[in-house]
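Colleague: Pasting a structure below so you can have a look.
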Amino acid sequence: MNPKTFNVTLRVWRQPGPGKEGRFVEYPAPGVNPDMSFLEMLDVVNDGLAARGEEPIAFAHDCREGICGTCSLTIDGKPHGPHQGVATCQTYMRSYKDGDRIVVEPFRARAFPVIKDLVTDRSAFDRIQQAGGFITVRTGSAPEANDVPVPKDDAELAMDAAQCIGCGACVAACKNSSAMLFVASKVSHLGLLPQGQPERDRRVLAMVQTMDGLGFGSCTNQYECSAACPKLISHDFIARMNRDYAKAVFRSAFRTEAAGTGG
């Protein structure tokens, strides 16, 4: 064996399909290069399984650059693995040592049902986004958009919120499977900008109501979500969204009353 490589054992969740019974299966991963990413290591394990005529491990991946949010593994009980501010695809095998036993399973949440093995259906996030994570006002060309002044603090906060890649680690880390951090980042991103103001109330009401309807749990302010977020999005955005939601509920009640008394 190359002295620079080492051996680990994987304990992987295998589930043949949605609603099917799953179980943990152990696989040896010999000759691991410390410069491999975690996903590259899984590729090598899958090559070995395929060579033996066994079913490869299904896992989600795309850009492998920590941008798309597709990778969604729970590694040793922690979404995305041992490091803070790092997605699964940017977790490297130098984080482990010879003889380690690594438990790999999918994100666990009722709203994220398992499709197969380590792949989950996170389309619930798409439905929340479709409910209000957009603006309908015409923003014009780039020069016109740049004519709208945005305070520096608001612009920086909006960019912080916009970093959310929708991976779902916040949901997987929360004991209640709450999606509050995801929704708060999407609400705050647009709510901080001038273009997002006309639909601000409708947006937060629609997105929060859709989140609740999809079976996500409530927030208990333990901040596991922000700790697990690969983009280190602050839980302060949840407080901001809660304020926006309370104001929107208040204003919508008065608009409903005014509409009912109009003549």
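In the structure tokens, chains take the letters A, B, ... in the order shown, each chain's residues start at 1, and ligands count up from 1 in the order shown.
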Per residue of segment 33-118 of chain A within 10 Å of segment 229-242 of chain A, note the shortest atom pair and the distance in Å to one decimal, counting only C-alpha atoms, and order the rows by chain and increasing residue number, as a Markdown table.
Modeller:
| residue | atom | partner | partner_atom | distance |
| --- | --- | --- | --- | --- |
| A:Gly66 | CA | A:Pro230 | CA | 8.1 |
| A:Ile67 | CA | A:Lys231 | CA | 9.4 |
| A:Gly69 | CA | A:Pro230 | CA | 9.0 |
| A:Pro79 | CA | A:Cys229 | CA | 8.5 |
| A:His80 | CA | A:Pro230 | CA | 7.7 |
| A:Gly81 | CA | A:Pro230 | CA | 10.0 |
| A:His83 | CA | A:Pro230 | CA | 8.9 |
| A:Gln84 | CA | A:Pro230 | CA | 6.6 |
| A:Gly85 | CA | A:Pro230 | CA | 3.9 |
| A:Val86 | CA | A:Pro230 | CA | 4.6 |
| A:Ala87 | CA | A:Pro230 | CA | 5.3 |
| A:Thr88 | CA | A:Pro230 | CA | 8.8 |
| A:Gln90 | CA | A:Pro230 | CA | 9.8 |
Colleague: Emit the selected residues as a JSON list (two decimals), in the first residue's frame, including C-alpha atoms.
Modeller:
[["chain", "number", "residue", "atom", "x", "y", "z"],
["A", 66, "GLY", "CA", -19.78, 24.01, -2.88],
["A", 67, "ILE", "CA", -22.12, 26.17, -4.95],
["A", 69, "GLY", "CA", -26.27, 22.61, -2.80],
["A", 79, "PRO", "CA", -24.94, 17.32, 7.88],
["A", 80, "HIS", "CA", -22.10, 17.76, 5.34],
["A", 81, "GLY", "CA", -19.48, 16.33, 7.68],
["A", 83, "HIS", "CA", -16.18, 20.88, 9.39],
["A", 84, "GLN", "CA", -18.06, 24.16, 9.76],
["A", 85, "GLY", "CA", -18.89, 26.18, 6.67],
["A", 86, "VAL", "CA", -18.05, 23.33, 4.29],
["A", 87, "ALA", "CA", -20.32, 21.31, 2.01],
["A", 88, "THR", "CA", -19.97, 17.54, 1.58],
["A", 90, "GLN", "CA", -15.56, 20.11, -0.18]]
Colleague: Could you list, as a list in words, every residue within 9 Å of Ala206 of chain A, counting only C-alpha atoms and ignoring same-chain residues fewer than 4 positions away?
Modeller: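 Result of the neighbour search: Ile128, Ala131, Gly132, Asp201, Arg202, Thr210 and Met211 of chain A.
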Colleague: Dump C-alpha atoms for the selected residues as a compact mmCIF listing (two decimals), in the first residue's frame?
Modeller:
# COMPACT_ATOMS: atom_id res chain seq x y z
CA ILE A 128 -41.52 27.32 -0.96
CA ALA A 131 -44.71 30.54 -3.40
CA GLY A 132 -42.96 33.89 -3.08
CA ASP A 201 -45.96 41.25 2.87
CA ARG A 202 -47.40 38.82 0.34
CA THR A 210 -46.23 27.03 2.33
CA MET A 211 -43.40 25.94 4.65
Colleague: Taking the backbone alone, and naming residues the way the document does, which bits of segment 8-241 of chain A are alpha helix (DSSP H) by DSSP, as a ChimeraX atom specification?
Modeller: /A:38-51,123-132,142-145,152-162,169-173,180-191,200-213,224-228,236-241
Colleague: Please provide the set of residues having any atom within 6 Å of Thr74 of chain A, restricted to only C-alpha atoms, with same-chain residues fewer than 3 positions apart removed, written as an MDAnalysis selection string.
Modeller: chainID A and resid 77:80 104:107
Colleague: For the residues in the current selection, export all heavy atoms as an mmCIF file, in the first residue's frame.
Modeller:
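part-v7.cif was written with the following content:
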data_model
loop_
_atom_site.group_PDB
_atom_site.id
_atom_site.type_symbol
_atom_site.label_atom_id
_atom_site.label_comp_id
_atom_site.auth_asym_id
_atom_site.auth_seq_id
_atom_site.Cartn_x
_atom_site.Cartn_y
_atom_site.Cartn_z
ATOM 1 N N GLY A 77 -23.313 11.688 11.744
ATOM 2 C CA GLY A 77 -24.352 12.413 12.471
ATOM 3 C C GLY A 77 -24.416 13.905 12.218
ATOM 4 O O GLY A 77 -25.271 14.585 12.778
ATOM 5 N N LYS A 78 -23.532 14.416 11.366
ATOM 6 C CA LYS A 78 -23.512 15.858 11.108
ATOM 7 C C LYS A 78 -23.740 16.140 9.627
ATOM 8 O O LYS A 78 -23.028 15.603 8.781
ATOM 9 C CB LYS A 78 -22.170 16.454 11.543
ATOM 10 C CG LYS A 78 -22.109 17.963 11.369
ATOM 11 C CD LYS A 78 -20.787 18.531 11.863
ATOM 12 C CE LYS A 78 -20.739 20.045 11.648
ATOM 13 N NZ LYS A 78 -19.445 20.622 12.089
ATOM 14 N N PRO A 79 -24.730 16.984 9.284
ATOM 15 C CA PRO A 79 -24.940 17.321 7.875
ATOM 16 C C PRO A 79 -23.668 17.897 7.250
ATOM 17 O O PRO A 79 -23.038 18.792 7.810
ATOM 18 C CB PRO A 79 -26.051 18.377 7.924
ATOM 19 C CG PRO A 79 -26.791 18.090 9.188
ATOM 20 C CD PRO A 79 -25.741 17.615 10.162
ATOM 21 N N HIS A 80 -23.272 17.355 6.134
ATOM 22 C CA HIS A 80 -22.099 17.758 5.340
ATOM 23 C C HIS A 80 -20.764 17.331 5.945
ATOM 24 O O HIS A 80 -19.730 17.500 5.305
ATOM 25 C CB HIS A 80 -22.081 19.268 5.108
ATOM 26 C CG HIS A 80 -23.105 19.743 4.130
ATOM 27 N ND1 HIS A 80 -23.226 19.225 2.858
ATOM 28 C CD2 HIS A 80 -24.070 20.697 4.227
ATOM 29 C CE1 HIS A 80 -24.214 19.835 2.216
ATOM 30 N NE2 HIS A 80 -24.755 20.718 3.032
ATOM 31 N N VAL A 104 -22.482 7.031 7.050
ATOM 32 C CA VAL A 104 -23.005 7.916 6.005
ATOM 33 C C VAL A 104 -24.489 7.615 5.812
ATOM 34 O O VAL A 104 -24.869 6.470 5.559
ATOM 35 C CB VAL A 104 -22.259 7.718 4.671
ATOM 36 C CG1 VAL A 104 -22.643 8.810 3.689
ATOM 37 C CG2 VAL A 104 -20.750 7.683 4.882
ATOM 38 N N GLU A 105 -25.309 8.635 5.927
ATOM 39 C CA GLU A 105 -26.755 8.455 5.759
ATOM 40 C C GLU A 105 -27.353 9.698 5.117
ATOM 41 O O GLU A 105 -26.716 10.750 5.031
ATOM 42 C CB GLU A 105 -27.416 8.163 7.109
ATOM 43 C CG GLU A 105 -27.153 9.193 8.181
ATOM 44 C CD GLU A 105 -27.642 8.750 9.548
ATOM 45 O OE1 GLU A 105 -28.765 8.256 9.641
ATOM 46 O OE2 GLU A 105 -26.866 8.919 10.515
ATOM 47 N N PRO A 106 -28.599 9.618 4.653
ATOM 48 C CA PRO A 106 -29.230 10.780 4.021
ATOM 49 C C PRO A 106 -29.693 11.804 5.052
ATOM 50 O O PRO A 106 -29.719 11.524 6.255
ATOM 51 C CB PRO A 106 -30.428 10.158 3.288
ATOM 52 C CG PRO A 106 -30.770 8.946 4.101
ATOM 53 C CD PRO A 106 -29.451 8.414 4.600
ATOM 54 N N PHE A 107 -30.032 12.996 4.577
ATOM 55 C CA PHE A 107 -30.674 13.972 5.455
ATOM 56 C C PHE A 107 -31.997 13.379 5.932
ATOM 57 O O PHE A 107 -32.770 12.848 5.138
ATOM 58 C CB PHE A 107 -30.951 15.272 4.704
ATOM 59 C CG PHE A 107 -29.731 16.144 4.499
ATOM 60 C CD1 PHE A 107 -29.836 17.340 3.802
ATOM 61 C CD2 PHE A 107 -28.493 15.794 5.001
ATOM 62 C CE1 PHE A 107 -28.730 18.159 3.619
ATOM 63 C CE2 PHE A 107 -27.386 16.600 4.822
ATOM 64 C CZ PHE A 107 -27.499 17.799 4.121
#
Colleague: For the atom pair atom CA of Val208 of chain A and atom CA of Pro149 of chain A, what is the interatomic distance in Å to one decimal place?
Modeller: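 Distance reported for this atom pair: 28.8 Å.
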Colleague: So how far away is atom CA of Glu40 of chain A from atom CA of Ala173 of chain A, in Å?
Modeller: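 About the pair atom CA of Ala173 of chain A and atom CA of Glu40 of chain A: they are 24.0 Å apart.
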Colleague: Tell me which of A:Gln195, A:Arg101, A:Asp121, A:Ala248 sits closest to Asp147 of chain A, counting only C-alpha atoms.
Modeller: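 Checking each candidate against Asp147 of chain A, we get A:Gln195 as the closest.
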Colleague: Would you compute the distance between atom CA of Asp35 of chain A and atom CA of Val119 of chain A? Give it in Å to one decimal.
Modeller: 24.5 Å
Colleague: Quick one: of A:Ala227, A:Met41, A:Leu192, A:Ala51, who's nearest to Asp154 of chain A, counting only C-alpha atoms?
Modeller: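 Of A:Ala227, A:Met41, A:Leu192, A:Ala51, the one nearest Asp154 of chain A, counting only C-alpha atoms, is A:Leu192.
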Colleague: Taking only C-alpha atoms into account, name the residue in A:Met93, A:Cys174, A:Leu214, A:Val45 that is nearest to Phe6 of chain A.
Modeller: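 Counting only C-alpha atoms, the residue closest to Phe6 of chain A is A:Met93.
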Colleague: Counting only C-alpha atoms, which residue out of A:Arg11, A:Arg243, A:His61, A:Lys186 sits closest to Gln163 of chain A?
Modeller: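 Looking at the shortest contact to Gln163 of chain A, the residue is A:Lys186.
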Colleague: So, with only C-alpha atoms as the atoms that count, which of A:Gly215, A:Pro198, A:Gly166, A:Pro113 lies closest to Pro18 of chain A?
Modeller: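 Nearest candidate to Pro18 of chain A out of A:Gly215, A:Pro198, A:Gly166, A:Pro113: A:Pro113.
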Colleague: Using only C-alpha atoms for the distances, tell me which of A:Ala169, A:Pro16, A:Pro151, A:Arg127 is nearest to Ile115 of chain A.
Modeller: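 Once distances to Ile115 of chain A are computed over only C-alpha atoms, the minimum belongs to A:Pro16.
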Colleague: Taking 4 positions as the minimum chain separation for residues in the same chain, which residues sit within 8 Å of Thr9 of chain A when counting only C-alpha atoms? Answer as a list in words.
Modeller: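 Counting only the stated atoms, we get Glu26, Tyr27, Pro28, Ala29, Gly99, Asp100, Arg101 and Ile102 of chain A.
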Colleague: Dump all heavy atoms for the selected residues as a PDB file, in the first residue's frame?
Modeller:
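Saved to part.pdb:
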ATOM      1  N   GLU A  26     -22.023  -2.199   5.582  1.00  0.00           N
ATOM      2  CA  GLU A  26     -20.625  -1.784   5.700  1.00  0.00           C
ATOM      3  C   GLU A  26     -19.839  -2.123   4.434  1.00  0.00           C
ATOM      4  O   GLU A  26     -20.012  -3.189   3.845  1.00  0.00           O
ATOM      5  CB  GLU A  26     -19.973  -2.447   6.917  1.00  0.00           C
ATOM      6  CG  GLU A  26     -20.482  -1.900   8.235  1.00  0.00           C
ATOM      7  CD  GLU A  26     -19.541  -2.201   9.398  1.00  0.00           C
ATOM      8  OE1 GLU A  26     -18.551  -2.945   9.188  1.00  0.00           O
ATOM      9  OE2 GLU A  26     -19.789  -1.691  10.504  1.00  0.00           O
ATOM     10  N   TYR A  27     -18.992  -1.169   4.027  1.00  0.00           N
ATOM     11  CA  TYR A  27     -18.138  -1.348   2.859  1.00  0.00           C
ATOM     12  C   TYR A  27     -16.719  -0.907   3.206  1.00  0.00           C
ATOM     13  O   TYR A  27     -16.516   0.165   3.778  1.00  0.00           O
ATOM     14  CB  TYR A  27     -18.630  -0.495   1.682  1.00  0.00           C
ATOM     15  CG  TYR A  27     -20.016  -0.833   1.212  1.00  0.00           C
ATOM     16  CD1 TYR A  27     -21.101  -0.040   1.584  1.00  0.00           C
ATOM     17  CD2 TYR A  27     -20.248  -1.927   0.390  1.00  0.00           C
ATOM     18  CE1 TYR A  27     -22.385  -0.332   1.147  1.00  0.00           C
ATOM     19  CE2 TYR A  27     -21.529  -2.234  -0.052  1.00  0.00           C
ATOM     20  CZ  TYR A  27     -22.589  -1.427   0.330  1.00  0.00           C
ATOM     21  OH  TYR A  27     -23.850  -1.736  -0.097  1.00  0.00           O
ATOM     22  N   PRO A  28     -15.724  -1.700   2.848  1.00  0.00           N
ATOM     23  CA  PRO A  28     -14.343  -1.259   3.035  1.00  0.00           C
ATOM     24  C   PRO A  28     -13.974  -0.236   1.958  1.00  0.00           C
ATOM     25  O   PRO A  28     -14.413  -0.346   0.806  1.00  0.00           O
ATOM     26  CB  PRO A  28     -13.528  -2.544   2.871  1.00  0.00           C
ATOM     27  CG  PRO A  28     -14.369  -3.414   1.992  1.00  0.00           C
ATOM     28  CD  PRO A  28     -15.808  -3.086   2.321  1.00  0.00           C
ATOM     29  N   ALA A  29     -13.205   0.763   2.341  1.00  0.00           N
ATOM     30  CA  ALA A  29     -12.696   1.737   1.383  1.00  0.00           C
ATOM     31  C   ALA A  29     -11.174   1.750   1.516  1.00  0.00           C
ATOM     32  O   ALA A  29     -10.606   2.560   2.253  1.00  0.00           O
ATOM     33  CB  ALA A  29     -13.288   3.116   1.651  1.00  0.00           C
ATOM     34  N   GLY A  99      -8.119   3.496   9.545  1.00  0.00           N
ATOM     35  CA  GLY A  99      -8.918   2.686  10.456  1.00  0.00           C
ATOM     36  C   GLY A  99     -10.229   3.313  10.886  1.00  0.00           C
ATOM     37  O   GLY A  99     -11.010   2.667  11.592  1.00  0.00           O
ATOM     38  N   ASP A 100     -10.485   4.543  10.469  1.00  0.00           N
ATOM     39  CA  ASP A 100     -11.737   5.196  10.859  1.00  0.00           C
ATOM     40  C   ASP A 100     -12.940   4.445  10.281  1.00  0.00           C
ATOM     41  O   ASP A 100     -12.883   3.884   9.186  1.00  0.00           O
ATOM     42  CB  ASP A 100     -11.770   6.647  10.382  1.00  0.00           C
ATOM     43  CG  ASP A 100     -11.050   7.594  11.324  1.00  0.00           C
ATOM     44  OD1 ASP A 100     -10.668   7.147  12.417  1.00  0.00           O
ATOM     45  OD2 ASP A 100     -10.877   8.776  10.972  1.00  0.00           O
ATOM     46  N   ARG A 101     -14.018   4.479  11.042  1.00  0.00           N
ATOM     47  CA  ARG A 101     -15.303   3.910  10.608  1.00  0.00           C
ATOM     48  C   ARG A 101     -16.261   5.080  10.462  1.00  0.00           C
ATOM     49  O   ARG A 101     -16.562   5.770  11.444  1.00  0.00           O
ATOM     50  CB  ARG A 101     -15.796   2.903  11.648  1.00  0.00           C
ATOM     51  CG  ARG A 101     -17.033   2.111  11.277  1.00  0.00           C
ATOM     52  CD  ARG A 101     -17.171   0.945  12.256  1.00  0.00           C
ATOM     53  NE  ARG A 101     -18.379   0.187  12.064  1.00  0.00           N
ATOM     54  CZ  ARG A 101     -19.508   0.407  12.727  1.00  0.00           C
ATOM     55  NH1 ARG A 101     -19.556   1.387  13.639  1.00  0.00           N
ATOM     56  NH2 ARG A 101     -20.589  -0.319  12.514  1.00  0.00           N
ATOM     57  N   ILE A 102     -16.748   5.322   9.261  1.00  0.00           N
ATOM     58  CA  ILE A 102     -17.537   6.522   8.948  1.00  0.00           C
ATOM     59  C   ILE A 102     -18.966   6.122   8.625  1.00  0.00           C
ATOM     60  O   ILE A 102     -19.205   5.272   7.756  1.00  0.00           O
ATOM     61  CB  ILE A 102     -16.922   7.285   7.757  1.00  0.00           C
ATOM     62  CG1 ILE A 102     -15.432   7.562   8.008  1.00  0.00           C
ATOM     63  CG2 ILE A 102     -17.662   8.596   7.516  1.00  0.00           C
ATOM     64  CD1 ILE A 102     -14.697   8.073   6.776  1.00  0.00           C
TER      65      ILE A 102
END
Colleague: Would you mind listing what lies within 9 Å of Val249 of chain A as a list of chain:residue names, with only C-alpha atoms counted and same-chain residues fewer than 5 positions away left out?
Modeller: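 Returned residues: A:Asp201, A:Leu205, A:Asp244, A:Phe254.
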Colleague: What would the file look like if the residues just selected were written as a PDB file, in the first residue's frame with C-alpha atoms?
Modeller:
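This went into again-v6.pdb:
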ATOM      1  CA  ASP A 201     -45.962  41.247   2.866  1.00  0.00           C
ATOM      2  CA  LEU A 205     -46.995  35.260   4.275  1.00  0.00           C
ATOM      3  CA  ASP A 244     -41.683  40.789   8.843  1.00  0.00           C
ATOM      4  CA  PHE A 254     -56.482  45.770   8.417  1.00  0.00           C
TER       5      PHE A 254
END
Colleague: Give me every strand (DSSP E or B) residue in segment 2-157 of chain A, going by DSSP on the backbone, as a PyMOL selection string.
Modeller: chain A and resi 6-14+23-32+37+73-75+78-79+92+101-106+114-116+119-120
